[in-house]
file protein_21.cif (mmCIF, C-alpha atoms)
data_upload
#
loop_
_atom_site.label_atom_id
_atom_site.label_comp_id
_atom_site.auth_asym_id
_atom_site.auth_seq_id
_atom_site.Cartn_x
_atom_site.Cartn_y
_atom_site.Cartn_z
CA MET J 1 49.53 -12.91 3.90
CA ARG J 2 50.88 -14.96 1.04
CA ILE J 3 47.95 -15.42 -1.33
CA ALA J 4 47.80 -17.75 -4.31
CA PHE J 5 45.30 -16.29 -6.76
CA ILE J 6 44.25 -18.66 -9.53
CA GLY J 7 42.12 -17.25 -12.34
CA LEU J 8 43.02 -13.71 -13.39
CA GLY J 9 40.24 -12.96 -15.87
CA ILE J 10 37.84 -10.03 -16.14
CA MET J 11 36.94 -10.35 -12.46
CA GLY J 12 39.92 -12.11 -10.95
CA GLY J 13 42.56 -9.77 -12.36
CA PRO J 14 41.25 -6.63 -10.67
CA MET J 15 40.56 -8.53 -7.44
CA ALA J 16 44.13 -9.81 -7.28
CA GLY J 17 45.41 -6.31 -7.99
CA HIS J 18 43.47 -4.86 -5.06
CA LEU J 19 45.00 -7.47 -2.76
CA VAL J 20 48.49 -6.51 -3.96
CA GLU J 21 47.72 -2.86 -3.28
CA ALA J 22 46.56 -3.81 0.23
CA GLY J 23 50.06 -5.11 0.95
CA HIS J 24 49.65 -8.86 0.45
CA ASP J 25 52.16 -11.10 -1.31
CA VAL J 26 50.02 -12.30 -4.23
CA VAL J 27 51.26 -15.14 -6.43
CA GLY J 28 49.16 -15.45 -9.57
CA HIS J 29 48.46 -18.27 -12.00
CA ASN J 30 46.26 -18.17 -15.08
CA LEU J 31 45.86 -20.05 -18.35
CA SER J 32 46.75 -16.84 -20.22
CA ARG J 33 50.25 -15.59 -19.40
CA LEU J 34 49.26 -12.02 -20.32
CA ALA J 35 46.97 -11.78 -17.30
CA VAL J 36 49.81 -12.94 -15.03
CA ASP J 37 52.12 -10.32 -16.54
CA VAL J 38 49.55 -7.61 -15.73
CA LEU J 39 49.50 -8.77 -12.11
CA VAL J 40 53.31 -8.74 -11.96
CA GLU J 41 53.31 -5.17 -13.29
CA ARG J 42 51.05 -4.24 -10.35
CA GLY J 43 53.48 -5.77 -7.86
CA GLY J 44 52.40 -9.41 -7.72
CA ARG J 45 54.41 -12.48 -8.58
CA ALA J 46 54.03 -15.26 -11.13
CA ALA J 47 53.65 -18.99 -10.44
CA THR J 48 54.63 -21.64 -12.94
CA ASP J 49 51.60 -23.83 -12.19
CA THR J 50 48.90 -24.44 -9.58
CA ALA J 51 51.18 -26.52 -7.35
CA ASP J 52 53.81 -23.77 -7.35
CA ALA J 53 51.15 -21.17 -6.49
CA VAL J 54 49.54 -22.99 -3.57
CA ARG J 55 52.50 -24.81 -1.98
CA GLU J 56 53.52 -22.05 0.45
CA ALA J 57 50.33 -20.02 0.44
CA ASP J 58 48.40 -19.02 3.56
CA VAL J 59 45.33 -18.43 1.41
CA VAL J 60 44.29 -19.79 -1.98
CA ILE J 61 41.68 -17.82 -3.93
CA THR J 62 40.16 -19.40 -7.01
CA MET J 63 38.18 -17.45 -9.61
CA VAL J 64 37.51 -19.71 -12.59
CA PRO J 65 34.52 -20.22 -14.91
CA ASP J 66 32.74 -23.43 -13.90
CA SER J 67 32.38 -26.37 -11.52
CA PRO J 68 34.76 -28.71 -13.42
CA ASP J 69 37.44 -26.00 -13.37
CA VAL J 70 37.28 -25.71 -9.58
CA GLU J 71 37.17 -29.50 -9.19
CA GLY J 72 40.31 -29.76 -11.29
CA LEU J 73 42.10 -27.18 -9.16
CA VAL J 74 41.10 -28.96 -5.95
CA PHE J 75 41.40 -32.64 -6.88
CA GLY J 76 44.02 -32.59 -9.66
CA GLU J 77 47.55 -33.93 -9.31
CA ASP J 78 48.89 -30.37 -9.19
CA GLY J 79 45.95 -29.14 -7.13
CA ILE J 80 45.09 -27.81 -3.73
CA LEU J 81 44.56 -31.12 -1.91
CA ALA J 82 47.85 -32.47 -3.19
CA HIS J 83 50.03 -29.45 -2.47
CA ALA J 84 48.47 -26.93 -0.04
CA LYS J 85 49.67 -27.10 3.54
CA PRO J 86 47.23 -27.95 6.36
CA GLY J 87 45.47 -24.89 7.68
CA THR J 88 45.42 -23.16 4.29
CA LEU J 89 42.29 -21.10 3.73
CA HIS J 90 40.66 -21.79 0.34
CA ILE J 91 38.29 -19.05 -0.81
CA ASP J 92 36.48 -20.00 -3.98
CA CYS J 93 35.03 -16.91 -5.66
CA SER J 94 33.90 -18.81 -8.74
CA THR J 95 30.23 -19.42 -9.47
CA ILE J 96 29.62 -23.17 -9.34
CA ARG J 97 26.94 -25.70 -8.41
CA PRO J 98 26.07 -25.68 -4.68
CA ASP J 99 26.37 -29.47 -4.46
CA VAL J 100 29.88 -29.31 -5.91
CA ALA J 101 30.82 -26.62 -3.38
CA ARG J 102 29.61 -28.84 -0.55
CA ARG J 103 31.53 -31.86 -1.88
CA ILE J 104 34.72 -29.82 -2.23
CA ALA J 105 34.31 -28.44 1.29
CA GLU J 106 33.93 -31.93 2.76
CA ALA J 107 37.04 -33.21 0.96
CA GLU J 108 39.10 -30.18 1.97
CA ARG J 109 38.11 -30.36 5.62
CA GLU J 110 39.25 -33.99 5.70
CA ARG J 111 42.69 -32.83 4.53
CA GLY J 112 42.94 -29.90 6.94
CA ILE J 113 42.10 -27.20 4.37
CA ARG J 114 39.63 -24.48 5.44
CA PRO J 115 36.98 -24.06 2.68
CA VAL J 116 34.92 -20.94 2.05
CA ASP J 117 32.63 -20.47 -0.95
CA ALA J 118 32.43 -16.77 -1.74
CA PRO J 119 30.94 -16.08 -5.19
CA VAL J 120 30.78 -12.43 -6.16
CA SER J 121 28.30 -10.17 -7.91
CA GLY J 122 28.61 -6.78 -9.54
CA GLY J 123 30.42 -7.50 -12.77
CA GLU J 124 33.59 -5.94 -14.09
CA PRO J 125 32.79 -2.37 -12.90
CA ALA J 126 32.41 -3.53 -9.29
CA ALA J 127 35.56 -5.65 -9.54
CA LEU J 128 37.52 -2.63 -10.77
CA GLU J 129 36.06 -0.44 -8.02
CA ALA J 130 36.52 -3.04 -5.24
CA ALA J 131 32.77 -2.78 -4.74
CA LEU J 132 31.65 -6.38 -5.20
CA SER J 133 28.78 -7.97 -3.32
CA ILE J 134 30.00 -11.25 -1.86
CA MET J 135 27.78 -14.03 -0.51
CA VAL J 136 29.80 -16.31 1.74
CA GLY J 137 29.29 -19.91 2.83
CA GLY J 138 31.40 -21.83 5.32
CA ALA J 139 32.21 -22.38 8.96
CA PRO J 140 32.00 -19.14 10.99
CA ASP J 141 35.70 -19.11 12.00
CA ASP J 142 36.83 -19.67 8.41
CA VAL J 143 34.50 -16.98 7.10
CA GLU J 144 35.84 -14.48 9.64
CA ALA J 145 39.39 -15.37 8.62
CA ALA J 146 38.45 -14.67 5.01
CA ARG J 147 36.51 -11.49 5.74
CA PRO J 148 39.41 -8.96 5.69
CA LEU J 149 40.47 -10.20 2.25
CA LEU J 150 36.92 -10.19 0.93
CA GLU J 151 36.37 -6.67 2.27
CA THR J 152 39.43 -5.60 0.27
CA VAL J 153 37.65 -6.47 -2.98
CA GLY J 154 34.01 -5.93 -1.99
CA ASN J 155 31.83 -3.53 -0.03
CA THR J 156 29.05 -6.01 0.85
CA VAL J 157 30.30 -9.21 2.48
CA VAL J 158 27.61 -11.36 4.10
CA HIS J 159 27.92 -14.80 5.70
CA VAL J 160 24.79 -16.58 4.44
CA GLY J 161 25.24 -20.05 5.95
CA PRO J 162 27.30 -23.27 5.86
CA ALA J 163 29.32 -24.61 2.94
CA GLY J 164 27.48 -24.27 -0.36
CA SER J 165 25.18 -21.51 0.88
CA GLY J 166 27.15 -18.81 -0.91
CA GLN J 167 26.69 -20.65 -4.18
CA THR J 168 22.96 -21.09 -3.54
CA VAL J 169 22.54 -17.36 -2.96
CA LYS J 170 24.62 -16.62 -6.06
CA ALA J 171 22.31 -18.85 -8.11
CA ALA J 172 19.37 -16.77 -6.87
CA ASN J 173 21.32 -13.63 -7.76
CA GLN J 174 21.88 -14.81 -11.32
CA LEU J 175 18.23 -15.73 -11.65
CA MET J 176 17.18 -12.22 -10.64
CA VAL J 177 19.82 -10.48 -12.79
CA ALA J 178 18.81 -12.38 -15.93
CA GLY J 179 15.14 -11.58 -15.32
CA ASN J 180 15.92 -7.91 -14.74
CA ILE J 181 17.99 -7.62 -17.91
CA GLN J 182 15.30 -9.34 -19.97
CA LEU J 183 12.60 -6.97 -18.69
CA LEU J 184 14.85 -3.93 -19.20
CA ALA J 185 15.41 -5.08 -22.79
CA GLU J 186 11.68 -5.43 -23.35
CA ALA J 187 11.03 -2.02 -21.79
CA LEU J 188 13.61 -0.33 -24.04
CA VAL J 189 12.20 -1.82 -27.22
CA PHE J 190 8.68 -0.90 -26.06
CA LEU J 191 9.71 2.71 -25.35
CA GLU J 192 11.53 3.07 -28.67
CA ALA J 193 8.52 1.73 -30.56
CA HIS J 194 6.50 4.62 -29.10
CA ASP J 195 9.21 7.18 -29.97
CA VAL J 196 9.87 8.02 -26.32
CA ASP J 197 13.21 9.60 -25.39
CA THR J 198 14.76 6.59 -23.65
CA GLU J 199 17.43 8.54 -21.78
CA SER J 200 14.74 10.57 -20.01
CA ALA J 201 12.53 7.54 -19.58
CA LEU J 202 15.22 5.45 -17.92
CA ALA J 203 16.16 8.35 -15.63
CA VAL J 204 12.64 8.60 -14.24
CA LEU J 205 12.24 4.82 -14.04
CA GLN J 206 15.45 4.62 -12.02
CA GLY J 207 13.96 7.04 -9.48
CA GLY J 208 10.90 4.88 -8.84
CA LEU J 209 10.09 1.32 -7.87
CA ALA J 210 11.42 0.05 -11.23
CA GLY J 211 14.90 1.35 -10.35
CA SER J 212 17.64 -1.22 -9.93
CA THR J 213 21.39 -1.78 -10.10
CA VAL J 214 20.80 -3.52 -13.43
CA LEU J 215 19.11 -0.40 -14.79
CA ALA J 216 21.82 1.87 -13.38
CA ARG J 217 24.71 -0.19 -14.77
CA LYS J 218 23.26 -1.52 -18.01
CA GLY J 219 20.71 1.05 -19.18
CA ALA J 220 23.08 3.42 -20.98
CA THR J 221 25.08 0.69 -22.73
CA MET J 222 21.92 -1.09 -23.83
CA ARG J 223 20.56 2.18 -25.26
CA ALA J 224 23.85 2.52 -27.17
CA ARG J 225 23.81 -1.16 -28.27
CA THR J 226 27.24 -1.63 -26.70
CA PHE J 227 27.60 -5.28 -25.72
CA ALA J 228 31.28 -5.70 -24.90
CA PRO J 229 31.55 -7.98 -21.84
CA GLY J 230 31.18 -7.29 -18.78
CA PHE J 231 29.69 -10.66 -18.10
CA ARG J 232 29.40 -12.95 -21.08
CA ILE J 233 26.25 -14.71 -22.23
CA ASP J 234 28.29 -17.95 -22.14
CA LEU J 235 28.77 -17.59 -18.40
CA HIS J 236 25.21 -16.54 -17.67
CA HIS J 237 24.00 -19.54 -19.67
CA LYS J 238 26.12 -21.72 -17.38
CA ASP J 239 24.69 -19.98 -14.31
CA MET J 240 21.10 -20.41 -15.46
CA GLY J 241 21.85 -24.10 -15.83
CA ILE J 242 22.99 -24.11 -12.21
CA VAL J 243 19.85 -22.42 -10.90
CA THR J 244 17.41 -24.48 -12.95
CA ALA J 245 19.11 -27.73 -11.87
CA ALA J 246 19.18 -26.65 -8.22
CA ALA J 247 15.52 -25.64 -8.38
CA ARG J 248 14.58 -28.99 -9.88
CA GLU J 249 16.55 -30.79 -7.18
CA ALA J 250 14.67 -28.87 -4.47
CA GLY J 251 11.28 -29.30 -6.15
CA VAL J 252 10.89 -25.54 -6.64
CA ALA J 253 9.03 -24.03 -9.61
CA ILE J 254 10.75 -21.10 -11.35
CA PRO J 255 8.51 -20.59 -14.40
CA LEU J 256 9.78 -17.13 -15.35
CA GLY J 257 13.36 -18.07 -14.59
CA ALA J 258 13.12 -21.19 -16.73
CA HIS J 259 11.78 -19.11 -19.63
CA VAL J 260 14.61 -16.57 -19.31
CA ALA J 261 17.09 -19.46 -19.17
CA GLN J 262 15.73 -20.59 -22.55
CA LEU J 263 16.13 -17.07 -23.95
CA VAL J 264 19.74 -16.90 -22.73
CA GLY J 265 20.41 -20.33 -24.24
CA SER J 266 18.83 -19.29 -27.53
CA LEU J 267 20.98 -16.16 -27.76
CA ARG J 268 24.05 -18.27 -27.13
CA ALA J 269 22.99 -20.77 -29.81
CA GLN J 270 22.75 -17.88 -32.27
CA GLY J 271 26.48 -17.27 -31.80
CA HIS J 272 26.31 -14.41 -29.31
CA GLY J 273 27.88 -16.20 -26.34
CA GLY J 274 30.83 -13.82 -26.23
CA LEU J 275 28.66 -10.72 -25.85
CA ASP J 276 27.62 -9.14 -22.59
CA HIS J 277 24.43 -10.57 -21.07
CA SER J 278 22.72 -7.26 -21.82
CA ALA J 279 22.69 -8.48 -25.44
CA LEU J 280 19.36 -10.09 -24.55
CA LEU J 281 18.16 -6.82 -26.08
CA LYS J 282 19.14 -8.12 -29.53
CA GLN J 283 16.73 -11.01 -29.19
CA VAL J 284 13.83 -8.79 -28.12
CA GLU J 285 14.46 -6.61 -31.17
CA GLU J 286 14.42 -9.64 -33.44
CA LEU J 287 11.22 -11.00 -31.91
CA SER J 288 9.66 -7.56 -32.40
CA GLY J 289 10.78 -7.22 -36.01
CA ARG J 290 12.99 -4.28 -35.07
CA ALA J 291 16.42 -5.88 -35.39
CA THR J 292 19.34 -3.62 -36.29
CA THR J 293 22.57 -4.67 -37.97
#
call {"tool": "encode", "arguments": {"input": "protein_21.cif", "output": "structure tokens"}}
result
Amino acid sequence: MRIAFIGLGIMGGPMAGHLVEAGHDVVGHNLSRLAVDVLVERGGRAATDTADAVREADVVITMVPDSPDVEGLVFGEDGILAHAKPGTLHIDCSTIRPDVARRIAEAERERGIRPVDAPVSGGEPAALEAALSIMVGGAPDDVEAARPLLETVGNTVVHVGPAGSGQTVKAANQLMVAGNIQLLAEALVFLEAHDVDTESALAVLQGGLAGSTVLARKGATMRARTFAPGFRIDLHHKDMGIVTAAAREAGVAIPLGAHVAQLVGSLRAQGHGGLDHSALLKQVEELSGRATT
């Protein structure tokens, strides 16, 4: 297939590379030219702009930071609706508001574009390993058309419902991830305050009911106070805004989630938005009077 891949960041770059390695003709576009050059080195091609990328594509994959970014790519003068051919499959792997995903899907169907919302989870390590978990919303035929491509970049691909459903499940994912990281941060500071060997402690916790992917992937780096992203606080702050707004819209109470959203927002306001979301540990240390430099 000829695939236009727009958004070659921490997640999108590795995903596009896996599609090249699978034998697809991948045409990349990104705000930073360096990311496009990396894709070209792996065997992909460069597009001059969005219109150039999507014009002859069979599939358009978008992987950009936020709802307005996807809306711009879809509705803009150089965007998908203006330049993609009828029958093009649009797979949006960004994390955006469910209502925006539904509105985009309706507009694209009216123009003969086949929309699929397919946000991903697993962070940079899973993107590099082609081991992402992908929650997919859309019409069954369109989802099945997208499945071989999604299975190239992920090892868990699940159709969760109609358009927008993938984004709703991703919002729930981000809610749970933030809560898990916050509790892991609190547990680490608690253990250190009691002079427990945290490497041993986390190993035994991982073997019991407290074990989780968050603990497995983040425990060692949090122990080492290594907060290079991964997944930036800026983006998780955006995602917590999505889930709190969607919960309010549905009349659902998320008291713990709302509190963690405030903690994420506070860390961002302190100037730590560029750090990995595991930097929630820094805030727990400060609240406990155990902050390090």
call {"tool": "closest_atom_pairs", "arguments": {"input": "protein_21.cif", "of": "segment 116-157 of chain J", "to": "segment 23-42 of chain J", "cutoff": "12 Å", "atoms": "only C-alpha atoms", "output": "Markdown table"}}
result
| residue | atom | partner | partner_atom | distance |
| --- | --- | --- | --- | --- |
| J:Pro148 | CA | J:His24 | CA | 11.5 |
| J:Leu149 | CA | J:His24 | CA | 9.5 |
| J:Thr152 | CA | J:Gly23 | CA | 10.7 |
call {"tool": "atom_distance", "arguments": {"input": "protein_21.cif", "atom1": "atom CA of Arg102 of chain J", "atom2": "atom CA of Arg268 of chain J"}}
result
29.1 Å
call {"tool": "atom_distance", "arguments": {"input": "protein_21.cif", "atom1": "atom CA of Thr226 of chain J", "atom2": "atom CA of Gly17 of chain J"}}
result
26.5 Å
call {"tool": "atom_distance", "arguments": {"input": "protein_21.cif", "atom1": "atom CA of Arg111 of chain J", "atom2": "atom CA of Val20 of chain J"}}
result
28.3 Å
call {"tool": "resolve_selection", "arguments": {"input": "protein_21.cif", "expression": "the PyMOL selection byres ((chain J and resi 125) around 12)", "output": "ChimeraX atom specification"}}
result
/J:10-11,14-15,121-124,126-133,153-154,213,216-218,229-231
call {"tool": "closest_residue", "arguments": {"input": "protein_21.cif", "among": "J:Ala51, J:Leu275, J:Ala145, J:Ala101", "to": "Gly87 of chain J", "atoms": "only C-alpha atoms"}}
result
J:Ala145
call {"tool": "closest_residue", "arguments": {"input": "protein_21.cif", "among": "J:Thr221, J:Thr88, J:Thr168, J:Thr244", "to": "Glu56 of chain J", "atoms": "all atoms listed in the file"}}
result
J:Thr88
call {"tool": "decode", "arguments": {"input": "protein_21.cif", "residues": "segment 24-68 of chain J", "atoms": "N, CA and C atoms", "output": "mmCIF file, in the first residue's frame"}}
result
data_model
loop_
_atom_site.group_PDB
_atom_site.id
_atom_site.type_symbol
_atom_site.label_atom_id
_atom_site.label_comp_id
_atom_site.auth_asym_id
_atom_site.auth_seq_id
_atom_site.Cartn_x
_atom_site.Cartn_y
_atom_site.Cartn_z
ATOM 1 N N HIS J 24 5.688 -1.562 2.783
ATOM 2 C CA HIS J 24 4.786 -0.534 2.278
ATOM 3 C C HIS J 24 5.568 0.685 1.771
ATOM 4 N N ASP J 25 4.949 1.395 0.853
ATOM 5 C CA ASP J 25 5.498 2.646 0.332
ATOM 6 C C ASP J 25 5.003 3.761 1.248
ATOM 7 N N VAL J 26 5.866 4.215 2.169
ATOM 8 C CA VAL J 26 5.466 5.174 3.189
ATOM 9 C C VAL J 26 6.018 6.551 2.843
ATOM 10 N N VAL J 27 5.104 7.510 2.703
ATOM 11 C CA VAL J 27 5.460 8.894 2.408
ATOM 12 C C VAL J 27 5.222 9.698 3.674
ATOM 13 N N GLY J 28 6.271 10.285 4.234
ATOM 14 C CA GLY J 28 6.163 10.934 5.529
ATOM 15 C C GLY J 28 6.144 12.438 5.457
ATOM 16 N N HIS J 29 5.415 13.043 6.388
ATOM 17 C CA HIS J 29 5.424 14.504 6.545
ATOM 18 C C HIS J 29 5.404 14.822 8.031
ATOM 19 N N ASN J 30 6.178 15.839 8.410
ATOM 20 C CA ASN J 30 6.310 16.202 9.816
ATOM 21 C C ASN J 30 6.757 17.652 9.896
ATOM 22 N N LEU J 31 6.408 18.324 10.989
ATOM 23 C CA LEU J 31 6.835 19.718 11.148
ATOM 24 C C LEU J 31 8.352 19.826 11.206
ATOM 25 N N SER J 32 9.005 18.851 11.820
ATOM 26 C CA SER J 32 10.467 18.825 11.880
ATOM 27 C C SER J 32 11.007 17.990 10.728
ATOM 28 N N ARG J 33 11.853 18.598 9.906
ATOM 29 C CA ARG J 33 12.416 17.893 8.753
ATOM 30 C C ARG J 33 13.318 16.727 9.187
ATOM 31 N N LEU J 34 13.961 16.858 10.345
ATOM 32 C CA LEU J 34 14.864 15.810 10.802
ATOM 33 C C LEU J 34 14.153 14.473 10.905
ATOM 34 N N ALA J 35 12.925 14.483 11.423
ATOM 35 C CA ALA J 35 12.173 13.241 11.565
ATOM 36 C C ALA J 35 11.870 12.621 10.206
ATOM 37 N N VAL J 36 11.600 13.463 9.208
ATOM 38 C CA VAL J 36 11.365 12.957 7.849
ATOM 39 C C VAL J 36 12.637 12.332 7.297
ATOM 40 N N ASP J 37 13.778 12.977 7.546
ATOM 41 C CA ASP J 37 15.057 12.449 7.061
ATOM 42 C C ASP J 37 15.345 11.071 7.660
ATOM 43 N N VAL J 38 14.987 10.888 8.933
ATOM 44 C CA VAL J 38 15.183 9.572 9.567
ATOM 45 C C VAL J 38 14.341 8.519 8.857
ATOM 46 N N LEU J 39 13.092 8.868 8.518
ATOM 47 C CA LEU J 39 12.237 7.927 7.804
ATOM 48 C C LEU J 39 12.819 7.605 6.430
ATOM 49 N N VAL J 40 13.328 8.601 5.734
ATOM 50 C CA VAL J 40 13.919 8.382 4.408
ATOM 51 C C VAL J 40 15.112 7.443 4.514
ATOM 52 N N GLU J 41 15.915 7.607 5.567
ATOM 53 C CA GLU J 41 17.067 6.720 5.771
ATOM 54 C C GLU J 41 16.630 5.270 5.965
ATOM 55 N N ARG J 42 15.406 5.076 6.493
ATOM 56 C CA ARG J 42 14.897 3.719 6.707
ATOM 57 C C ARG J 42 14.208 3.155 5.469
ATOM 58 N N GLY J 43 14.108 3.970 4.411
ATOM 59 C CA GLY J 43 13.518 3.482 3.169
ATOM 60 C C GLY J 43 12.213 4.144 2.781
ATOM 61 N N GLY J 44 11.751 5.097 3.583
ATOM 62 C CA GLY J 44 10.537 5.832 3.243
ATOM 63 C C GLY J 44 10.819 6.974 2.297
ATOM 64 N N ARG J 45 9.794 7.762 2.031
ATOM 65 C CA ARG J 45 9.942 8.928 1.162
ATOM 66 C C ARG J 45 9.425 10.171 1.870
ATOM 67 N N ALA J 46 9.824 11.332 1.360
ATOM 68 C CA ALA J 46 9.446 12.601 1.973
ATOM 69 C C ALA J 46 8.376 13.292 1.143
ATOM 70 N N ALA J 47 7.410 13.906 1.823
ATOM 71 C CA ALA J 47 6.402 14.739 1.177
ATOM 72 C C ALA J 47 6.707 16.199 1.485
ATOM 73 N N THR J 48 6.330 17.079 0.586
ATOM 74 C CA THR J 48 6.584 18.495 0.791
ATOM 75 C C THR J 48 5.569 19.125 1.740
ATOM 76 N N ASP J 49 4.348 18.595 1.759
ATOM 77 C CA ASP J 49 3.302 19.094 2.643
ATOM 78 C C ASP J 49 2.224 18.023 2.775
ATOM 79 N N THR J 50 1.172 18.337 3.534
ATOM 80 C CA THR J 50 0.108 17.352 3.751
ATOM 81 C C THR J 50 -0.568 16.962 2.446
ATOM 82 N N ALA J 51 -0.864 17.951 1.603
ATOM 83 C CA ALA J 51 -1.539 17.666 0.333
ATOM 84 C C ALA J 51 -0.710 16.703 -0.511
ATOM 85 N N ASP J 52 0.591 16.948 -0.580
ATOM 86 C CA ASP J 52 1.482 16.087 -1.350
ATOM 87 C C ASP J 52 1.495 14.671 -0.787
ATOM 88 N N ALA J 53 1.433 14.558 0.551
ATOM 89 C CA ALA J 53 1.470 13.239 1.186
ATOM 90 C C ALA J 53 0.217 12.438 0.895
ATOM 91 N N VAL J 54 -0.954 13.077 0.976
ATOM 92 C CA VAL J 54 -2.208 12.321 0.941
ATOM 93 C C VAL J 54 -2.786 12.145 -0.452
ATOM 94 N N ARG J 55 -2.324 12.918 -1.434
ATOM 95 C CA ARG J 55 -3.005 12.986 -2.738
ATOM 96 C C ARG J 55 -3.140 11.634 -3.416
ATOM 97 N N GLU J 56 -2.108 10.806 -3.372
ATOM 98 C CA GLU J 56 -2.149 9.506 -4.054
ATOM 99 C C GLU J 56 -2.143 8.338 -3.074
ATOM 100 N N ALA J 57 -2.381 8.617 -1.819
ATOM 101 C CA ALA J 57 -2.273 7.573 -0.801
ATOM 102 C C ALA J 57 -3.491 6.657 -0.798
ATOM 103 N N ASP J 58 -3.257 5.400 -0.504
ATOM 104 C CA ASP J 58 -4.348 4.451 -0.228
ATOM 105 C C ASP J 58 -4.808 4.589 1.215
ATOM 106 N N VAL J 59 -3.838 4.895 2.085
ATOM 107 C CA VAL J 59 -4.092 5.021 3.518
ATOM 108 C C VAL J 59 -3.389 6.269 4.028
ATOM 109 N N VAL J 60 -4.071 7.034 4.870
ATOM 110 C CA VAL J 60 -3.451 8.155 5.574
ATOM 111 C C VAL J 60 -3.460 7.826 7.063
ATOM 112 N N ILE J 61 -2.288 7.868 7.682
ATOM 113 C CA ILE J 61 -2.185 7.673 9.128
ATOM 114 C C ILE J 61 -1.725 8.981 9.745
ATOM 115 N N THR J 62 -2.470 9.454 10.727
ATOM 116 C CA THR J 62 -2.099 10.676 11.427
ATOM 117 C C THR J 62 -1.733 10.345 12.865
ATOM 118 N N MET J 63 -0.656 10.981 13.339
ATOM 119 C CA MET J 63 -0.174 10.752 14.708
ATOM 120 C C MET J 63 0.368 12.079 15.232
ATOM 121 N N VAL J 64 -0.551 12.948 15.656
ATOM 122 C CA VAL J 64 -0.201 14.303 16.067
ATOM 123 C C VAL J 64 -0.726 14.561 17.481
ATOM 124 N N PRO J 65 -0.315 15.677 18.123
ATOM 125 C CA PRO J 65 -0.532 15.796 19.562
ATOM 126 C C PRO J 65 -1.952 15.984 20.054
ATOM 127 N N ASP J 66 -2.826 16.731 19.339
ATOM 128 C CA ASP J 66 -4.063 17.143 19.981
ATOM 129 C C ASP J 66 -5.186 17.288 18.962
ATOM 130 N N SER J 67 -6.398 17.470 19.479
ATOM 131 C CA SER J 67 -7.589 17.581 18.621
ATOM 132 C C SER J 67 -7.458 18.655 17.549
ATOM 133 N N PRO J 68 -7.030 19.895 17.873
ATOM 134 C CA PRO J 68 -6.913 20.902 16.824
ATOM 135 C C PRO J 68 -5.940 20.530 15.717
#
